[in-house]
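Worksheet: the structure to be examined is printed underneath.
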Amino acid sequence: MKDLAIILGIRPDVIRASKILNILEKQNQISYDFIWSGQHYSENMKDTFFNQLNVKKPDFEFTVEKVSDASVVSSTIENLYSHFEQHKYKAAVFLGDTNTVMGCIAAAQHNIPIVHIEGCMRSYDWRMPEEKYRTVIDHLSDRIYAYLENYKIQGINEGISENIIKVTGNPIVDIINENIEYFGSGSDYLDDNILDAIKEKFVLVTCHRRENIQNEKSLKNIINLLNKIEDHNVIFPMGYKTQQILNETNLTLNENIKVIEPIGYLEFMYLLQNSQYVATDSGTVVEEACILGIPSIQMRYSTERPEVYDVKASIKFDPTLENEAVDKILDRVSNMINSSWDNPFGDGNSSEIIVRDLIQLCEENSFSRHKPSDYSFDISNSFKG
Ligand code: UDP
């Protein structure tokens, strides 16, 4: 029996968990298996990140049915369920709010305690499957790592016991601190035409969220915003789903917008660091920009990371609105270019804190919350004889 199963499945999981995995690899107090769900599978959405961040390859790699979100979730549950029949663990660790985290149902079926990294974040936007996934896994979890005190309060407000929630800071700060000296080398991997395009001031763009690209009006509003950025070149590493959907529409991007395939972490962070600002709907990119002091336009109706607005690092563009004041938004973000703000996401020790806690819980074998004291409300009636 190994102590932990760490289950990840998409590009930002590898990035955010890279230091946790690297610390676990170096210690010898507990054992673990790193399991890849197969949700992301291509070289440039997966292996590039293992290589650039020196993360060991997964011990087990599954493939999933990619017909729909339902098939990705159901094959992840199937794969993990069979795996847990053969391999026993003290706990199964998941991160975030993706189809992969729904694999926690398999751990629940085997009564393996569940650990959730990135717990208790909420957008309070019930249109988002991610919001539903986060809520499900938090309520099944025996241990939750919440990045910020506010997130912990959100969990407690839902009746989750404060005893199982530990505030850790956001591990993305750790990853930036660890790797910032290598971001410069990202330019070595970029094509000449991109290097040419970024000789002048430029803007970086990413856009991949379902609620944006699968909604015709929102996508049109986003393209309209991007086409209004006329004073700079725009570099747009575009995910495959966005490419596919955009090709099926008659929407066109201006000539100054260079669409490229998804790129590696070092290249992306090199571009981000050197951009005037970023327009994005990514959860992680908006944090990275905030930490690096790069202004962002957050192309989202709702966010689970309101801190970027609180510290005035980001401007909201609501893709659901036809009449967003695009010119005003572009003016406002341009005015932020030389501003600075505090990093609200922590001090860079979060991976250490998470691993230390995991080691302690493994050594004590005390993951399970099946104790009356672990509920935040009175459950004594349930135990009456
Ligand atoms: N990223 C990257 N290459 C790209 C686009 C993004 O390495 O072409 C990185 C980026 O630095 C961030 C993460 O991927 O760490 C964001 O992933 P994504 O936007 O897909 O996911 P989200 O954060 O919204 O879950």
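Residue numbers start at 1 in each chain; chains themselves are named A, B, ... in the order of the structure tokens; ligands are numbered from 1 in the order shown.
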Dump the neighbourhood of ligand 1 as an mmCIF file with C-alpha atoms, in the first residue's frame: all residues within 6 Å, distances computed on only C-alpha atoms and all ligand atoms.
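That gives us selection_24.cif:
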```
data_model
loop_
_atom_site.group_PDB
_atom_site.id
_atom_site.type_symbol
_atom_site.label_atom_id
_atom_site.label_comp_id
_atom_site.auth_asym_id
_atom_site.auth_seq_id
_atom_site.Cartn_x
_atom_site.Cartn_y
_atom_site.Cartn_z
ATOM 1 C CA ARG A 11 -1.935 21.572 -18.297
ATOM 2 C CA PRO A 12 -2.372 24.044 -15.412
ATOM 3 C CA ILE A 15 2.211 23.788 -13.552
ATOM 4 C CA PRO A 237 -1.838 31.088 -28.313
ATOM 5 C CA PRO A 262 -0.522 26.459 -27.470
ATOM 6 C CA ILE A 263 3.058 27.001 -26.278
ATOM 7 C CA GLY A 264 5.217 25.785 -23.385
ATOM 8 C CA TYR A 265 5.267 27.377 -19.947
ATOM 9 C CA PHE A 268 4.225 31.702 -22.327
ATOM 10 C CA MET A 269 5.683 33.308 -19.211
ATOM 11 C CA SER A 282 -7.951 31.813 -17.807
ATOM 12 C CA GLY A 283 -8.054 31.371 -14.046
ATOM 13 C CA THR A 284 -4.318 30.809 -13.749
ATOM 14 C CA VAL A 285 -3.137 33.454 -16.231
#
```
Write out as number ranges by chain which residues come within 12 Å of Ala91 of chain A when counting only C-alpha atoms, dropping same-chain ones fewer than 2 positions away.
A: 1-7, 30-33, 84, 87-89, 93-94, 104, 106-108, 110-116, 141-143, 358-359, 361-363, 365-369
Using only C-alpha atoms, which residue out of A:Arg209, A:Lys26, A:Val73, A:Phe383 lies closest to Gln39 of chain A?
A:Val73
Quick one: residues within 8 Å of segment 174-180 of chain A, only C-alpha atoms counted, chain neighbours fewer than 6 positions away excluded, as a ChimeraX atom specification?
/A:15-16,18-19,288,347-351
Identify, on the basis of only C-alpha atoms, every residue whose closest approach to Arg134 of chain A does not exceed 12 Å; exclude the query and any residue fewer than 5 positions from it along the same chain; express the result as a PyMOL selection string.
chain A and resi 94-102+104+116-126+128-129+139-141+144+146+151+154-155+304
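If you count only C-alpha atoms and ignore residues fewer than 4 places along the chain from Lys201 of chain A, what sits within 8 Å of it is A:His232, A:Asn233, A:Ser275, A:Gln276.
If only C-alpha atoms are the atoms counted, then among A:Cys290, A:Ala17, A:Val234, A:Val355 the closest residue to Gln29 of chain A is A:Val355.
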Could you give me, as a PyMOL selection string, each residue of segment 5-52 of chain A that DSSP assigns to strand (DSSP E or B) when run on this structure's backbone?
chain A and resi 5-8+32-36
With C-alpha atoms retained, export the selected residues as a short mmCIF file (atom, residue, chain, number, x, y, z; two decimals), in the first residue's frame.
```cif
data_model
loop_
_atom_site.label_atom_id
_atom_site.label_comp_id
_atom_site.auth_asym_id
_atom_site.auth_seq_id
_atom_site.Cartn_x
_atom_site.Cartn_y
_atom_site.Cartn_z
CA ALA A 5 -2.48 8.83 -5.03
CA ILE A 6 -2.03 12.25 -6.66
CA ILE A 7 -4.44 12.57 -9.57
CA LEU A 8 -3.98 15.34 -12.14
CA TYR A 32 2.93 8.10 -3.53
CA ASP A 33 1.77 7.37 -7.07
CA PHE A 34 1.32 10.18 -9.57
CA ILE A 35 -1.66 9.35 -11.80
CA TRP A 36 -2.50 11.22 -15.03
#
```
Where in segment 230-358 of chain A does DSSP assign helix (DSSP H, G or I), given as a ChimeraX atom specification?
/A:240-247,265-274,283-292,307-310,326-335,350-358
Give me the residues within 7 Å of Phe317 of chain A as a list in words, counting only C-alpha atoms and dropping any in the same chain fewer than 6 places off.
Ile297, Gln298, Met299 and Arg300 of chain A
Which neighbours of Val205 of chain A fall inside 9 Å, counting only C-alpha atoms, when residues of the same chain fewer than 6 positions from it are skipped, and could you give them as a PDB file with N, CA, C and O atoms, in the first residue's frame?
```pdb
ATOM      1  N   LEU A 226     -11.074  42.111 -29.082  1.00  0.00           N
ATOM      2  CA  LEU A 226      -9.701  41.894 -29.551  1.00  0.00           C
ATOM      3  C   LEU A 226      -9.424  42.698 -30.820  1.00  0.00           C
ATOM      4  O   LEU A 226      -8.337  43.256 -31.002  1.00  0.00           O
ATOM      5  N   VAL A 234      -0.892  41.582 -31.381  1.00  0.00           N
ATOM      6  CA  VAL A 234      -1.525  40.741 -30.368  1.00  0.00           C
ATOM      7  C   VAL A 234      -1.078  39.293 -30.620  1.00  0.00           C
ATOM      8  O   VAL A 234      -1.164  38.813 -31.748  1.00  0.00           O
ATOM      9  N   ILE A 235      -0.587  38.636 -29.583  1.00  0.00           N
ATOM     10  CA  ILE A 235      -0.181  37.218 -29.719  1.00  0.00           C
ATOM     11  C   ILE A 235      -1.241  36.382 -29.001  1.00  0.00           C
ATOM     12  O   ILE A 235      -1.511  36.602 -27.816  1.00  0.00           O
ATOM     13  N   PHE A 236      -1.777  35.431 -29.734  1.00  0.00           N
ATOM     14  CA  PHE A 236      -2.915  34.659 -29.218  1.00  0.00           C
ATOM     15  C   PHE A 236      -2.625  33.157 -29.335  1.00  0.00           C
ATOM     16  O   PHE A 236      -2.960  32.529 -30.338  1.00  0.00           O
ATOM     17  N   PRO A 237      -1.965  32.555 -28.303  1.00  0.00           N
ATOM     18  CA  PRO A 237      -1.838  31.088 -28.313  1.00  0.00           C
ATOM     19  C   PRO A 237      -3.248  30.513 -28.082  1.00  0.00           C
ATOM     20  O   PRO A 237      -3.832  30.730 -27.031  1.00  0.00           O
ATOM     21  N   MET A 238      -3.729  29.805 -29.091  1.00  0.00           N
ATOM     22  CA  MET A 238      -5.155  29.434 -29.066  1.00  0.00           C
ATOM     23  C   MET A 238      -5.334  27.931 -28.859  1.00  0.00           C
ATOM     24  O   MET A 238      -4.776  27.117 -29.598  1.00  0.00           O
ATOM     25  N   TYR A 277      -0.110  44.155 -21.635  1.00  0.00           N
ATOM     26  CA  TYR A 277      -1.163  43.610 -20.777  1.00  0.00           C
ATOM     27  C   TYR A 277      -1.658  42.319 -21.404  1.00  0.00           C
ATOM     28  O   TYR A 277      -1.296  41.984 -22.537  1.00  0.00           O
ATOM     29  N   VAL A 278      -2.471  41.579 -20.653  1.00  0.00           N
ATOM     30  CA  VAL A 278      -3.024  40.330 -21.179  1.00  0.00           C
ATOM     31  C   VAL A 278      -4.547  40.417 -21.118  1.00  0.00           C
ATOM     32  O   VAL A 278      -5.100  40.991 -20.178  1.00  0.00           O
ATOM     33  N   ALA A 279      -5.189  39.909 -22.164  1.00  0.00           N
ATOM     34  CA  ALA A 279      -6.650  39.758 -22.138  1.00  0.00           C
ATOM     35  C   ALA A 279      -6.911  38.256 -22.076  1.00  0.00           C
ATOM     36  O   ALA A 279      -6.452  37.512 -22.950  1.00  0.00           O
ATOM     37  N   THR A 280      -7.605  37.809 -21.048  1.00  0.00           N
ATOM     38  CA  THR A 280      -7.679  36.359 -20.826  1.00  0.00           C
ATOM     39  C   THR A 280      -8.964  35.959 -20.100  1.00  0.00           C
ATOM     40  O   THR A 280      -9.546  36.766 -19.380  1.00  0.00           O
ATOM     41  N   ASP A 281      -9.365  34.700 -20.315  1.00  0.00           N
ATOM     42  CA  ASP A 281     -10.444  34.155 -19.484  1.00  0.00           C
ATOM     43  C   ASP A 281      -9.900  33.012 -18.623  1.00  0.00           C
ATOM     44  O   ASP A 281     -10.663  32.250 -18.037  1.00  0.00           O
TER      45      ASP A 281
END
```
